[in-house]
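*Asks:* Okay, so here is protein.txt, and as you'll see once you scroll down, it has compact mmCIF, C-alpha atoms and all ligand atoms.
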```
# COMPACT_ATOMS: atom_id res chain seq x y z
CA MET A 1 -8.15 -28.99 2.84
CA PRO A 2 -6.96 -26.20 0.51
CA LYS A 3 -3.56 -26.50 -1.10
CA ALA A 4 -0.73 -25.27 1.16
CA PRO A 5 0.97 -22.92 1.55
CA ILE A 6 -2.00 -20.60 1.45
CA TYR A 7 -1.17 -17.10 0.23
CA PHE A 8 -2.70 -14.41 2.48
CA ASP A 9 0.02 -11.80 1.91
CA ASN A 10 -1.47 -9.82 -0.96
CA HIS A 11 -0.25 -6.47 0.40
CA ALA A 12 3.34 -7.62 -0.12
CA THR A 13 2.74 -8.68 -3.69
CA THR A 14 0.12 -10.46 -5.77
CA LYS A 15 0.11 -13.38 -8.14
CA VAL A 16 0.15 -12.21 -11.74
CA ASP A 17 -3.27 -12.83 -13.25
CA PRO A 18 -2.85 -15.47 -15.99
CA ARG A 19 -4.78 -13.17 -18.36
CA VAL A 20 -2.13 -10.50 -17.75
CA VAL A 21 0.65 -12.98 -18.57
CA GLN A 22 -1.05 -13.80 -21.89
CA THR A 23 -1.13 -10.11 -22.78
CA MET A 24 2.57 -9.74 -22.01
CA LEU A 25 3.97 -12.76 -23.88
CA PRO A 26 3.94 -11.49 -27.49
CA TYR A 27 6.05 -8.49 -26.45
CA PHE A 28 9.05 -10.65 -25.58
CA THR A 29 9.58 -12.61 -28.77
CA GLU A 30 7.28 -11.22 -31.43
CA HIS A 31 6.74 -7.51 -30.91
CA TYR A 32 10.08 -6.92 -29.24
CA GLY A 33 10.80 -3.50 -30.69
CA ASN A 34 11.93 -0.43 -28.79
CA ALA A 35 8.93 1.83 -28.28
CA ALA A 36 11.19 4.78 -29.12
CA SER A 37 12.09 3.38 -32.57
CA ARG A 38 10.09 5.65 -34.81
CA ASN A 39 11.05 4.33 -38.26
CA HIS A 40 9.93 0.69 -38.41
CA ALA A 41 7.03 -1.61 -37.61
CA TYR A 42 8.75 -3.21 -34.59
CA GLY A 43 8.95 0.15 -32.92
CA TRP A 44 5.41 1.07 -33.90
CA SER A 45 3.81 -2.06 -32.41
CA ALA A 46 5.77 -1.60 -29.19
CA GLU A 47 4.68 2.02 -29.02
CA GLU A 48 1.11 1.01 -29.70
CA ALA A 49 1.19 -1.40 -26.75
CA VAL A 50 2.61 1.31 -24.49
CA GLU A 51 -0.03 3.84 -25.55
CA LYS A 52 -2.80 1.29 -25.03
CA ALA A 53 -1.53 0.63 -21.51
CA ARG A 54 -1.37 4.35 -20.80
CA LYS A 55 -5.06 4.62 -21.72
CA GLN A 56 -6.01 1.59 -19.62
CA ILE A 57 -4.28 3.02 -16.54
CA ALA A 58 -5.73 6.49 -17.15
CA SER A 59 -9.20 5.02 -17.49
CA LEU A 60 -8.98 3.19 -14.17
CA ILE A 61 -7.97 6.35 -12.26
CA GLY A 62 -9.91 9.04 -14.16
CA ALA A 63 -6.84 10.62 -15.75
CA THR A 64 -5.78 11.29 -19.35
CA ALA A 65 -3.17 9.10 -21.03
CA LYS A 66 -0.64 11.96 -21.25
CA GLU A 67 -0.62 12.24 -17.47
CA ILE A 68 0.83 8.72 -16.99
CA ILE A 69 4.62 8.42 -16.61
CA PHE A 70 6.00 4.88 -16.58
CA THR A 71 8.53 3.93 -13.89
CA SER A 72 10.10 0.80 -12.44
CA GLY A 73 7.55 0.67 -9.61
CA ALA A 74 6.17 2.67 -6.75
CA THR A 75 9.49 3.13 -4.98
CA GLU A 76 10.71 5.02 -8.03
CA SER A 77 7.38 6.83 -8.48
CA ASN A 78 7.50 8.03 -4.87
CA ASN A 79 11.14 9.13 -5.22
CA LEU A 80 10.37 10.96 -8.46
CA ALA A 81 7.30 12.70 -7.03
CA LEU A 82 8.97 13.92 -3.84
CA LYS A 83 12.44 14.74 -5.13
CA GLY A 84 11.12 15.98 -8.47
CA VAL A 85 8.74 18.44 -6.80
CA ALA A 86 11.27 19.50 -4.14
CA GLU A 87 13.81 20.35 -6.83
CA MET A 88 11.38 22.00 -9.26
CA TYR A 89 9.61 24.14 -6.65
CA ALA A 90 12.66 24.98 -4.51
CA GLU A 91 12.20 28.72 -5.17
CA LYS A 92 8.65 28.60 -3.83
CA GLY A 93 9.52 26.77 -0.63
CA ASN A 94 11.24 23.85 1.02
CA HIS A 95 8.57 22.41 3.32
CA ILE A 96 6.91 19.02 2.77
CA ILE A 97 4.23 17.40 4.92
CA THR A 98 3.78 13.65 5.18
CA ALA A 99 2.63 11.12 7.79
CA ALA A 100 4.36 8.84 10.29
CA THR A 101 2.70 5.73 8.84
CA GLU A 102 3.90 6.14 5.24
CA HIS A 103 5.78 3.44 3.34
CA LYS A 104 9.58 3.50 3.59
CA ALA A 105 9.78 4.64 -0.03
CA ILE A 106 8.27 7.92 1.16
CA LEU A 107 9.97 8.17 4.55
CA ASP A 108 13.43 7.42 3.18
CA SER A 109 12.92 9.95 0.36
CA THR A 110 11.94 12.67 2.82
CA LYS A 111 14.91 11.74 5.01
CA HIS A 112 17.13 12.26 1.97
CA LEU A 113 15.48 15.62 1.26
CA GLU A 114 15.97 16.66 4.88
CA LYS A 115 19.71 16.22 4.43
CA GLN A 116 19.49 18.51 1.41
CA GLY A 117 17.87 21.29 3.41
CA CYS A 118 14.16 20.55 3.15
CA ARG A 119 12.01 20.80 6.23
CA ILE A 120 9.68 17.82 6.69
CA THR A 121 6.64 17.58 8.95
CA TYR A 122 5.65 14.03 9.91
CA LEU A 123 2.01 14.13 10.97
CA PRO A 124 1.04 11.66 13.69
CA VAL A 125 -2.08 9.55 13.19
CA MET A 126 -5.07 9.04 15.44
CA ALA A 127 -5.82 5.69 17.11
CA ASP A 128 -7.77 4.61 14.01
CA GLY A 129 -4.77 5.23 11.75
CA ARG A 130 -6.13 8.33 9.99
CA ILE A 131 -4.47 11.72 10.06
CA ASP A 132 -6.07 14.63 11.91
CA LEU A 133 -7.21 17.15 9.28
CA ASP A 134 -6.85 20.07 11.70
CA MET A 135 -3.23 19.14 12.29
CA LEU A 136 -2.68 19.09 8.54
CA ARG A 137 -4.28 22.55 8.22
CA ASP A 138 -2.09 23.90 11.00
CA ALA A 139 1.08 22.39 9.56
CA ILE A 140 0.82 24.17 6.20
CA THR A 141 2.97 27.32 5.93
CA ASP A 142 3.90 29.75 3.15
CA LYS A 143 6.90 27.55 2.49
CA THR A 144 4.91 24.33 2.04
CA ILE A 145 5.19 22.97 -1.51
CA LEU A 146 3.87 19.43 -1.15
CA VAL A 147 1.67 17.21 1.00
CA SER A 148 2.23 13.48 0.54
CA ILE A 149 -0.25 11.20 2.30
CA MET A 150 -0.84 7.61 1.26
CA TYR A 151 -4.28 6.57 0.01
CA ALA A 152 -4.39 3.27 1.91
CA ASN A 153 -1.87 1.82 4.31
CA ASN A 154 0.01 -1.35 3.42
CA GLU A 155 -0.01 -2.79 6.95
CA ILE A 156 -3.40 -1.90 8.39
CA GLY A 157 -5.34 -1.15 5.19
CA VAL A 158 -6.65 2.13 6.62
CA VAL A 159 -7.91 4.54 3.97
CA GLN A 160 -7.06 8.21 4.51
CA PRO A 161 -9.62 11.01 3.98
CA VAL A 162 -8.10 11.84 0.59
CA LYS A 163 -10.85 14.16 -0.67
CA GLU A 164 -10.66 16.28 2.48
CA ILE A 165 -6.86 16.36 2.34
CA SER A 166 -6.84 17.50 -1.28
CA LYS A 167 -9.38 20.20 -0.52
CA ILE A 168 -7.15 21.64 2.20
CA CYS A 169 -4.13 21.52 -0.14
CA LYS A 170 -6.03 23.24 -2.93
CA GLU A 171 -7.19 26.06 -0.62
CA ARG A 172 -3.57 26.71 0.29
CA GLY A 173 -2.11 26.26 -3.20
CA VAL A 174 -0.06 23.23 -2.16
CA LEU A 175 0.47 20.19 -4.39
CA PHE A 176 -0.94 16.86 -3.18
CA HIS A 177 0.81 13.55 -3.85
CA THR A 178 -0.58 10.19 -2.75
CA ASP A 179 1.05 6.77 -2.65
CA ALA A 180 -1.99 4.86 -3.89
CA VAL A 181 -0.29 1.50 -4.37
CA GLN A 182 -2.67 -0.39 -2.07
CA ALA A 183 -5.80 1.46 -3.17
CA VAL A 184 -5.75 1.54 -6.97
CA GLY A 185 -7.66 -1.40 -8.38
CA LYS A 186 -8.99 -2.31 -4.92
CA ILE A 187 -11.32 0.60 -4.16
CA PRO A 188 -12.57 3.43 -6.39
CA VAL A 189 -9.78 5.96 -6.98
CA ASN A 190 -10.35 8.95 -9.24
CA VAL A 191 -7.74 11.69 -9.53
CA MET A 192 -10.34 14.26 -10.59
CA GLU A 193 -12.95 13.55 -7.91
CA ASP A 194 -10.22 13.01 -5.29
CA GLY A 195 -8.30 16.17 -6.25
CA ILE A 196 -4.96 14.38 -6.61
CA ASP A 197 -1.98 16.11 -8.32
CA LEU A 198 0.52 13.25 -8.27
CA MET A 199 -0.11 9.56 -7.60
CA SER A 200 2.14 6.51 -7.37
CA ILE A 201 1.05 3.06 -8.46
CA THR A 202 2.76 -0.28 -9.05
CA ALA A 203 1.74 -3.30 -11.12
CA HIS A 204 2.70 -6.10 -8.74
CA LYS A 205 0.16 -5.10 -6.09
CA LEU A 206 -2.73 -5.34 -8.57
CA TYR A 207 -2.07 -8.71 -10.22
CA GLY A 208 0.53 -7.40 -12.67
CA PRO A 209 4.28 -8.05 -12.96
CA LYS A 210 6.98 -6.80 -10.58
CA GLY A 211 9.32 -3.98 -11.54
CA VAL A 212 6.91 -1.70 -13.37
CA GLY A 213 4.76 1.14 -12.14
CA ALA A 214 3.56 4.60 -12.96
CA LEU A 215 3.36 8.12 -11.66
CA TYR A 216 0.27 10.15 -12.44
CA VAL A 217 1.28 13.79 -13.00
CA ARG A 218 -1.56 16.32 -13.37
CA ARG A 219 -1.39 18.43 -16.55
CA LYS A 220 -4.24 20.86 -15.98
CA GLY A 221 -5.43 22.84 -12.95
CA PRO A 222 -2.57 22.96 -11.96
CA ARG A 223 0.02 21.77 -14.46
CA VAL A 224 2.53 19.96 -12.25
CA GLN A 225 6.20 20.26 -13.15
CA LEU A 226 8.83 17.76 -12.13
CA ALA A 227 12.62 17.82 -12.18
CA ALA A 228 13.73 14.53 -13.75
CA GLN A 229 15.72 12.29 -11.43
CA MET A 230 17.09 10.16 -14.26
CA ASP A 231 19.03 11.69 -17.13
CA GLY A 232 19.04 10.02 -20.52
CA GLY A 233 17.12 9.92 -23.76
CA GLY A 234 14.29 12.17 -22.60
CA HIS A 235 11.63 9.46 -22.56
CA GLU A 236 8.29 10.03 -20.86
CA ARG A 237 8.18 13.71 -21.76
CA GLY A 238 11.57 14.26 -20.21
CA MET A 239 10.42 13.18 -16.75
CA ARG A 240 11.84 9.65 -16.77
CA SER A 241 14.50 8.58 -19.22
CA GLY A 242 15.15 4.95 -19.99
CA THR A 243 13.94 2.44 -22.60
CA LEU A 244 10.41 1.43 -21.75
CA ASN A 245 9.79 -2.08 -20.40
CA VAL A 246 7.17 -2.88 -23.03
CA PRO A 247 5.99 -6.37 -21.92
CA SER A 248 5.59 -5.24 -18.31
CA ILE A 249 3.88 -2.00 -19.33
CA ALA A 250 1.42 -4.02 -21.45
CA GLY A 251 0.89 -6.18 -18.36
CA LEU A 252 0.28 -3.19 -16.12
CA GLY A 253 -2.30 -1.88 -18.61
CA ALA A 254 -4.09 -5.23 -18.82
CA ALA A 255 -4.03 -5.57 -15.02
CA CYS A 256 -5.65 -2.14 -14.66
CA GLU A 257 -8.36 -2.98 -17.18
CA LEU A 258 -9.20 -6.20 -15.31
CA CYS A 259 -9.32 -4.33 -12.00
CA GLN A 260 -11.67 -1.78 -13.50
CA GLN A 261 -14.01 -4.50 -14.81
CA GLU A 262 -14.02 -6.52 -11.61
CA LEU A 263 -13.64 -3.85 -8.94
CA THR A 264 -17.21 -3.69 -7.63
CA ALA A 265 -17.68 -7.46 -7.46
CA GLU A 266 -14.23 -8.02 -6.00
CA MET A 267 -14.70 -5.41 -3.28
CA LYS A 268 -17.88 -7.16 -2.21
CA ARG A 269 -16.37 -10.63 -2.32
CA LEU A 270 -13.19 -9.68 -0.44
CA GLY A 271 -15.13 -7.66 2.13
CA PHE A 272 -17.30 -10.70 2.81
CA LEU A 273 -14.29 -13.01 3.13
CA ARG A 274 -12.41 -10.58 5.38
CA ASP A 275 -15.42 -10.16 7.66
CA LYS A 276 -15.88 -13.91 7.81
CA LEU A 277 -12.24 -14.35 8.82
CA LYS A 278 -12.52 -11.64 11.46
CA ASN A 279 -15.82 -12.86 12.88
CA LYS A 280 -14.67 -16.46 13.12
CA ILE A 281 -11.46 -15.51 14.90
CA MET A 282 -13.15 -13.04 17.24
CA SER A 283 -15.98 -15.39 18.19
CA GLU A 284 -13.52 -18.09 19.27
CA LEU A 285 -10.76 -16.02 20.89
CA ASP A 286 -10.81 -13.29 23.52
CA GLU A 287 -8.22 -10.53 23.86
CA VAL A 288 -7.82 -9.94 20.12
CA TYR A 289 -7.74 -6.42 18.73
CA VAL A 290 -8.22 -5.14 15.19
CA ASN A 291 -5.57 -2.52 14.39
CA GLY A 292 -6.90 0.56 12.63
CA SER A 293 -10.32 1.70 11.52
CA LEU A 294 -12.69 -1.03 10.32
CA GLU A 295 -14.91 1.53 8.62
CA HIS A 296 -12.22 3.24 6.54
CA ARG A 297 -10.40 0.17 5.35
CA LEU A 298 -9.48 -1.85 2.29
CA PRO A 299 -11.89 -4.77 1.87
CA GLY A 300 -9.06 -7.33 1.72
CA ASN A 301 -7.16 -6.23 4.83
CA LEU A 302 -7.32 -7.58 8.35
CA ASN A 303 -4.62 -6.70 10.90
CA ILE A 304 -5.12 -8.24 14.32
CA SER A 305 -3.13 -8.31 17.55
CA PHE A 306 -3.43 -11.45 19.64
CA ALA A 307 -2.63 -10.47 23.22
CA TYR A 308 -0.49 -12.91 25.24
CA VAL A 309 0.88 -14.45 22.05
CA GLU A 310 4.16 -13.67 20.34
CA GLY A 311 3.73 -12.91 16.65
CA GLU A 312 6.81 -14.89 15.73
CA SER A 313 5.60 -17.98 17.59
CA LEU A 314 2.19 -17.65 15.97
CA LEU A 315 3.79 -17.34 12.53
CA MET A 316 5.82 -20.48 13.16
CA GLY A 317 2.70 -22.30 14.30
CA ILE A 318 0.85 -21.43 11.09
CA ASN A 319 3.78 -21.95 8.73
CA ASP A 320 1.51 -23.42 6.05
CA ILE A 321 -0.03 -19.95 5.69
CA ALA A 322 1.79 -16.97 4.14
CA VAL A 323 1.07 -13.84 6.21
CA SER A 324 3.13 -11.02 7.73
CA SER A 325 3.62 -10.09 11.35
CA GLY A 326 4.01 -6.68 12.96
CA SER A 327 7.58 -7.46 13.87
CA ALA A 328 10.09 -6.59 11.23
CA CYS A 329 13.41 -8.33 11.49
CA THR A 330 15.85 -5.44 11.24
CA SER A 331 19.48 -6.31 11.90
CA ALA A 332 19.82 -8.19 15.18
CA THR A 333 16.78 -6.78 16.90
CA LEU A 334 13.11 -7.54 16.39
CA GLU A 335 11.58 -4.10 15.95
CA PRO A 336 7.84 -3.75 16.35
CA SER A 337 6.04 -2.17 13.39
CA TYR A 338 6.40 1.63 13.33
CA VAL A 339 2.92 1.82 11.82
CA LEU A 340 1.29 0.03 14.76
CA LYS A 341 3.36 2.09 17.20
CA ALA A 342 2.10 5.26 15.50
CA LEU A 343 -1.47 4.13 16.28
CA GLY A 344 -0.48 4.00 19.94
CA ALA A 345 -0.09 0.22 20.22
CA GLY A 346 2.36 -0.92 22.90
CA ASP A 347 5.35 -3.04 21.90
CA ASP A 348 3.59 -6.19 23.12
CA LEU A 349 0.52 -5.76 20.96
CA ALA A 350 2.61 -4.63 18.00
CA HIS A 351 4.73 -7.78 18.33
CA SER A 352 1.65 -9.97 18.53
CA SER A 353 0.04 -8.70 15.34
CA ILE A 354 -0.63 -10.52 12.10
CA ARG A 355 -1.53 -8.95 8.76
CA PHE A 356 -3.94 -10.96 6.63
CA GLY A 357 -4.02 -9.69 3.04
CA LEU A 358 -6.79 -11.25 0.96
CA GLY A 359 -6.77 -11.05 -2.80
CA ARG A 360 -8.36 -12.08 -6.07
CA PHE A 361 -7.30 -15.72 -5.90
CA ASN A 362 -8.29 -16.50 -2.32
CA THR A 363 -11.33 -18.67 -1.67
CA GLU A 364 -13.86 -19.06 1.12
CA GLU A 365 -12.49 -22.55 1.77
CA GLU A 366 -9.07 -20.97 2.45
CA VAL A 367 -10.60 -18.42 4.83
CA ASP A 368 -12.30 -21.18 6.81
CA TYR A 369 -9.06 -23.13 6.99
CA VAL A 370 -6.92 -20.13 8.01
CA ALA A 371 -9.40 -19.06 10.70
CA GLY A 372 -9.37 -22.60 12.10
CA ARG A 373 -5.59 -22.83 12.12
CA VAL A 374 -5.14 -19.42 13.76
CA ILE A 375 -7.66 -20.23 16.48
CA GLU A 376 -6.03 -23.61 17.13
CA VAL A 377 -2.49 -22.23 17.37
CA VAL A 378 -3.39 -19.18 19.46
CA LYS A 379 -5.25 -21.40 21.95
CA LYS A 380 -2.26 -23.74 22.13
CA LEU A 381 0.21 -20.88 22.70
CA ARG A 382 -1.98 -19.30 25.35
CA ASP A 383 -2.25 -22.62 27.18
CA LEU A 384 1.51 -22.32 27.62
CA SER A 385 1.44 -18.65 28.62
CA PRO A 386 1.71 -17.84 32.35
CA LEU A 387 0.64 -14.26 31.58
CA TYR A 388 -2.56 -15.42 29.92
CA GLU A 389 -3.25 -17.68 32.88
CA MET A 390 -2.81 -14.78 35.27
CA PHE A 391 -5.08 -12.63 33.13
CA LYS A 392 -7.75 -15.36 33.21
CA GLU A 393 -7.46 -15.50 36.99
CA GLY A 394 -8.25 -11.81 37.09
CA ILE A 395 -4.82 -10.64 38.15
CA ASP A 396 -4.17 -7.09 36.97
CA LEU A 397 -0.87 -7.55 35.16
CA SER A 398 -0.09 -3.85 35.16
CA LYS A 399 0.02 -3.95 38.98
CA VAL A 400 2.26 -6.99 39.27
CA GLN A 401 5.70 -6.28 40.72
CA TRP A 402 8.15 -8.21 38.60
CA THR A 403 11.43 -9.17 40.18
CA ALA A 404 14.51 -10.12 38.29
CA HIS A 405 16.41 -13.21 39.27
C1 LIG B 1 4.68 -2.06 -2.14
C2 LIG B 1 4.53 -0.64 -1.82
C3 LIG B 1 5.43 0.32 -2.32
C4 LIG B 1 6.65 -0.06 -3.14
O1 LIG B 1 6.30 -0.45 -4.43
P1 LIG B 1 7.39 -1.17 -5.37
O2 LIG B 1 6.75 -1.19 -6.71
O3 LIG B 1 7.57 -2.53 -4.78
O4 LIG B 1 8.62 -0.37 -5.35
C5 LIG B 1 5.22 1.64 -2.02
N1 LIG B 1 4.18 2.02 -1.26
C6 LIG B 1 3.30 1.14 -0.76
C7 LIG B 1 2.16 1.62 0.08
C8 LIG B 1 3.45 -0.22 -1.01
O5 LIG B 1 2.59 -1.09 -0.49
```
Turn this file's structure into structure tokens for me.
*Replies:*
Amino acid sequence: MPKAPIYFDNHATTKVDPRVVQTMLPYFTEHYGNAASRNHAYGWSAEEAVEKARKQIASLIGATAKEIIFTSGATESNNLALKGVAEMYAEKGNHIITAATEHKAILDSTKHLEKQGCRITYLPVMADGRIDLDMLRDAITDKTILVSIMYANNEIGVVQPVKEISKICKERGVLFHTDAVQAVGKIPVNVMEDGIDLMSITAHKLYGPKGVGALYVRRKGPRVQLAAQMDGGGHERGMRSGTLNVPSIAGLGAACELCQQELTAEMKRLGFLRDKLKNKIMSELDEVYVNGSLEHRLPGNLNISFAYVEGESLLMGINDIAVSSGSACTSATLEPSYVLKALGAGDDLAHSSIRFGLGRFNTEEEVDYVAGRVIEVVKKLRDLSPLYEMFKEGIDLSKVQWTAH
């Protein structure tokens, strides 16, 4: 039996690769200079580490080093991209287009901008989780300054048609930002081939440390301008002031280099493991549904709804496995995932969903174990479910007249 608890929540965060930790260590106690100190060797070695990391990130995403702005993570990168563009291009227009299934770091930023007078269009998604390109085309107006659509979704792993989106934006002279946190290092992402103008990434989703990230900002064709959201010493070409977190930046760089080296093999390995997990579960259980497109999907993601089972009960039953459910505990109520609801899932199926996020350190032995545990617990819960029993007896539950006592 694999060592418990088993970590299958790699969309929430990832273990730092031990090779990344080794790269970071000297920058705490040996090369601890401020990268902005221009007149001594401590500063120079810190700056050297930062510039190396900039190149490693740029190389992974097909950018140039000067186009990488360091931040504290993707929440900040998303805030900087959206608010920075809205402020800088306010004379051109005040309309931004995004999607209903975006991460809260986008949706809360657009909500903030709405209060400041911006108009925001939230595109719905189709049943497979992808946006409708015709709806995007129709939503663009003369006042549109930015389209922000995530590369891959953090709950369902669905990959958006980024190349097609960027093409539409380019035709209309609108900037295109993408939250690529879940995609970079997991599938091929190239800002040139994909036509991306701004892109958010974070280290802790690609086997680097927490609290450091980057924003890619295009410098040519077009040269994107941003209004800084943090005032200070004018670091990062004036776009993001604040002393650079050198050890973490070195870690982000090393993490990107490892992803670049291992991407092809890892995609294949994780795709195989994910399919094995899915096939095992689906061959043993009926009434299970995969949420979102299987074709356009991150190799390491599986999001399944188990009908007639409550997600929370399932999670409790498999408490030796770290996964997420489609119910988010917000305040006193258990709200079903807004992402699953956007796909058209009913509350029941949204509540019964589990997100499996496979990553670099998961093994086939773990997949076999997790599949077995899930099957066992779902069967047990369904044995106790009167609704499942009625379903098995062929009773159409939608036609049942429920009476309250
Ligand atoms: C995790 C995540 C974020 C937030 O990144 P932080 O670095 O934790 O702030 C933003 N977008 C997506 C899609 C994510 O998965």
*Asks:* Would you tabulate, counting all atoms listed in the file, all residues of chain A that have an atom at most 10 Å from an atom of ligand LIG 1 (chain B), showing the closest pair of atoms and their distance in Å to one decimal, sorted by chain then ascending number, as CSV?
*Replies:*
```
residue,atom,partner,partner_atom,distance
A:Asn10,CA,B:LIG1,O5,9.6
A:His11,CA,B:LIG1,O5,6.1
A:Ala12,CA,B:LIG1,C1,6.1
A:Thr13,CA,B:LIG1,C1,7.1
A:Thr71,CA,B:LIG1,O2,9.0
A:Ser72,CA,B:LIG1,O2,6.9
A:Gly73,CA,B:LIG1,O2,3.5
A:Ala74,CA,B:LIG1,O1,3.9
A:Thr75,CA,B:LIG1,O4,3.6
A:Glu76,CA,B:LIG1,O4,6.4
A:Ser77,CA,B:LIG1,O4,7.9
A:Asn78,CA,B:LIG1,C5,7.4
A:Asn79,CA,B:LIG1,O4,9.8
A:Thr101,CA,B:LIG1,C7,9.7
A:Glu102,CA,B:LIG1,C7,7.1
A:His103,CA,B:LIG1,N1,5.1
A:Lys104,CA,B:LIG1,C5,7.3
A:Ala105,CA,B:LIG1,C5,5.8
A:Ile106,CA,B:LIG1,N1,7.6
A:Met150,CA,B:LIG1,C7,6.8
A:Tyr151,CA,B:LIG1,C7,8.1
A:Ala152,CA,B:LIG1,C7,7.0
A:Asn153,CA,B:LIG1,C7,5.8
A:Asn154,CA,B:LIG1,O5,4.7
A:Glu155,CA,B:LIG1,O5,8.1
A:Gly157,CA,B:LIG1,C7,9.5
A:Thr178,CA,B:LIG1,C7,9.4
A:Asp179,CA,B:LIG1,N1,5.9
A:Ala180,CA,B:LIG1,C7,6.6
A:Val181,CA,B:LIG1,C7,5.1
A:Gln182,CA,B:LIG1,O5,5.5
A:Ala183,CA,B:LIG1,C7,8.6
A:Ser200,CA,B:LIG1,N1,7.9
A:Ile201,CA,B:LIG1,O2,7.3
A:Thr202,CA,B:LIG1,O2,4.7
A:Ala203,CA,B:LIG1,O2,7.0
A:His204,CA,B:LIG1,O2,6.7
A:Lys205,CA,B:LIG1,C1,6.7
A:Pro209,CA,B:LIG1,O2,9.6
A:Lys210,CA,B:LIG1,O2,6.8
A:Gly211,CA,B:LIG1,O2,6.1
A:Val212,CA,B:LIG1,O2,6.7
A:Gly213,CA,B:LIG1,O2,6.2
A:Ala214,CA,B:LIG1,O2,9.1
```
*Asks:* At a cut-off of 9 Å around the point (9.6, 12.2, 3.0) (file coordinates), what residues fall inside when counting all atoms listed in the file? I'd like the answer as a ChimeraX atom specification.
*Replies:* /A:79,82-83,96-99,102,104-114,120-122,148
*Asks:* Nearest residue to A:Pro2 out of A:Met135, A:Val367, A:Leu206, A:Ala345, using all atoms listed in the file?
*Replies:*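 Of all the options, A:Val367 lies closest to A:Pro2.
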*Asks:* Which residues are close to A:Ser59, i.e. within 12 Å by all atoms listed in the file, leaving aside same-chain residues fewer than 6 positions away? Reply as a ChimeraX atom specification.
*Replies:* /A:52-53,65-68,184-185,188-192,216,253-254,256-261
*Asks:* Neighbouring residues of A:Tyr308 were defined as those with any atom within 10 Å, considering only C-alpha atoms; residues of the same chain fewer than 4 positions away were excluded. Please report them as a JSON list (two decimals) with C-alpha atoms, in the coordinates of the input.
*Replies:*
```
[["chain", "number", "residue", "atom", "x", "y", "z"],
["A", 287, "GLU", "CA", -8.22, -10.53, 23.86],
["A", 288, "VAL", "CA", -7.82, -9.94, 20.12],
["A", 348, "ASP", "CA", 3.59, -6.19, 23.12],
["A", 349, "LEU", "CA", 0.52, -5.76, 20.96],
["A", 352, "SER", "CA", 1.65, -9.97, 18.53],
["A", 378, "VAL", "CA", -3.39, -19.18, 19.46],
["A", 381, "LEU", "CA", 0.21, -20.88, 22.70],
["A", 382, "ARG", "CA", -1.98, -19.30, 25.35],
["A", 384, "LEU", "CA", 1.51, -22.32, 27.62],
["A", 385, "SER", "CA", 1.44, -18.65, 28.62],
["A", 386, "PRO", "CA", 1.71, -17.84, 32.35],
["A", 387, "LEU", "CA", 0.64, -14.26, 31.58],
["A", 388, "TYR", "CA", -2.56, -15.42, 29.92],
["A", 389, "GLU", "CA", -3.25, -17.68, 32.88],
["A", 391, "PHE", "CA", -5.08, -12.63, 33.13]]
```
*Asks:* So, with only C-alpha atoms as the atoms that count, which of A:Ala265, A:Ala342, A:Ile249, A:Ala322 lies closest to A:Leu25?
*Replies:*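 Smallest distance to A:Leu25 is found for A:Ile249.
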*Asks:* Could you tell me how far atom CA of A:Asn303 sits from atom CA of A:Tyr7, in Å to one decimal place?
*Replies:*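 Between atom CA of A:Tyr7 and atom CA of A:Asn303 the gap works out to 15.3 Å.
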*Asks:* Which residues are near stretch 370-375 of chain A? Cut-off 7 Å, all atoms listed in the file, ignore same chain within fewer than 4 positions. Put them as a list in words.
*Replies:*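 In the requested form, the answer reads Leu277, Lys280, Ile281, Glu284, Leu285, Ile318, Glu366 and Lys379 of chain A.
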*Asks:* Is it possible to get the residues within 9 Å of (-4.8, 13.2, -8.6) (coordinates as in the file, counting only C-alpha atoms) written as a ChimeraX atom specification?
*Replies:* /A:61-63,166,176-178,189-199,216-218
*Asks:* Would you mind reading off the distance between atom CA of A:His351 and atom CA of A:Asp320, one decimal, in Å?
*Replies:*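 Pair atom CA of A:His351 / atom CA of A:Asp320 returns 20.1 Å.
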*Asks:* Go ahead and compute the interatomic distance for atom CA of A:Asp286 and atom CA of A:Ala307, in Å to one decimal.
*Replies:* 8.7 Å
*Asks:* So, with all atoms listed in the file as the atoms that count, which of A:Glu335, A:Asp17, A:Arg274, A:Gly84 lies closest to A:Arg240?
*Replies:*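 Counting all atoms listed in the file, the residue closest to A:Arg240 is A:Gly84.
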*Asks:* From the set A:Asn291, A:Cys118, A:Gln22, A:Gly242, which residue has the shortest atom-to-atom contact distance to A:Gly346, counting only C-alpha atoms?
*Replies:*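 Smallest separation from A:Gly346 among the options: A:Asn291.
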*Asks:* Rank A:Arg360, A:His31, A:Lys167, A:Arg355 by their smallest atom-to-atom distance to A:Phe306, using only C-alpha atoms, and report the top residue only.
*Replies:* A:Arg355
*Asks:* Find, counting all atoms listed in the file, the residue in A:Gly300, A:Gly43, A:Pro161, A:Gly317 that gets nearest to A:Phe361.
*Replies:*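 Ranking A:Gly300, A:Gly43, A:Pro161, A:Gly317 by distance to A:Phe361, first place goes to A:Gly300.
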*Asks:* For A:Thr243, please output as a count of residues only all residues within 9 Å (counting all atoms listed in the file; exclusion window: fewer than 4 positions along the same chain).
*Replies:* 5
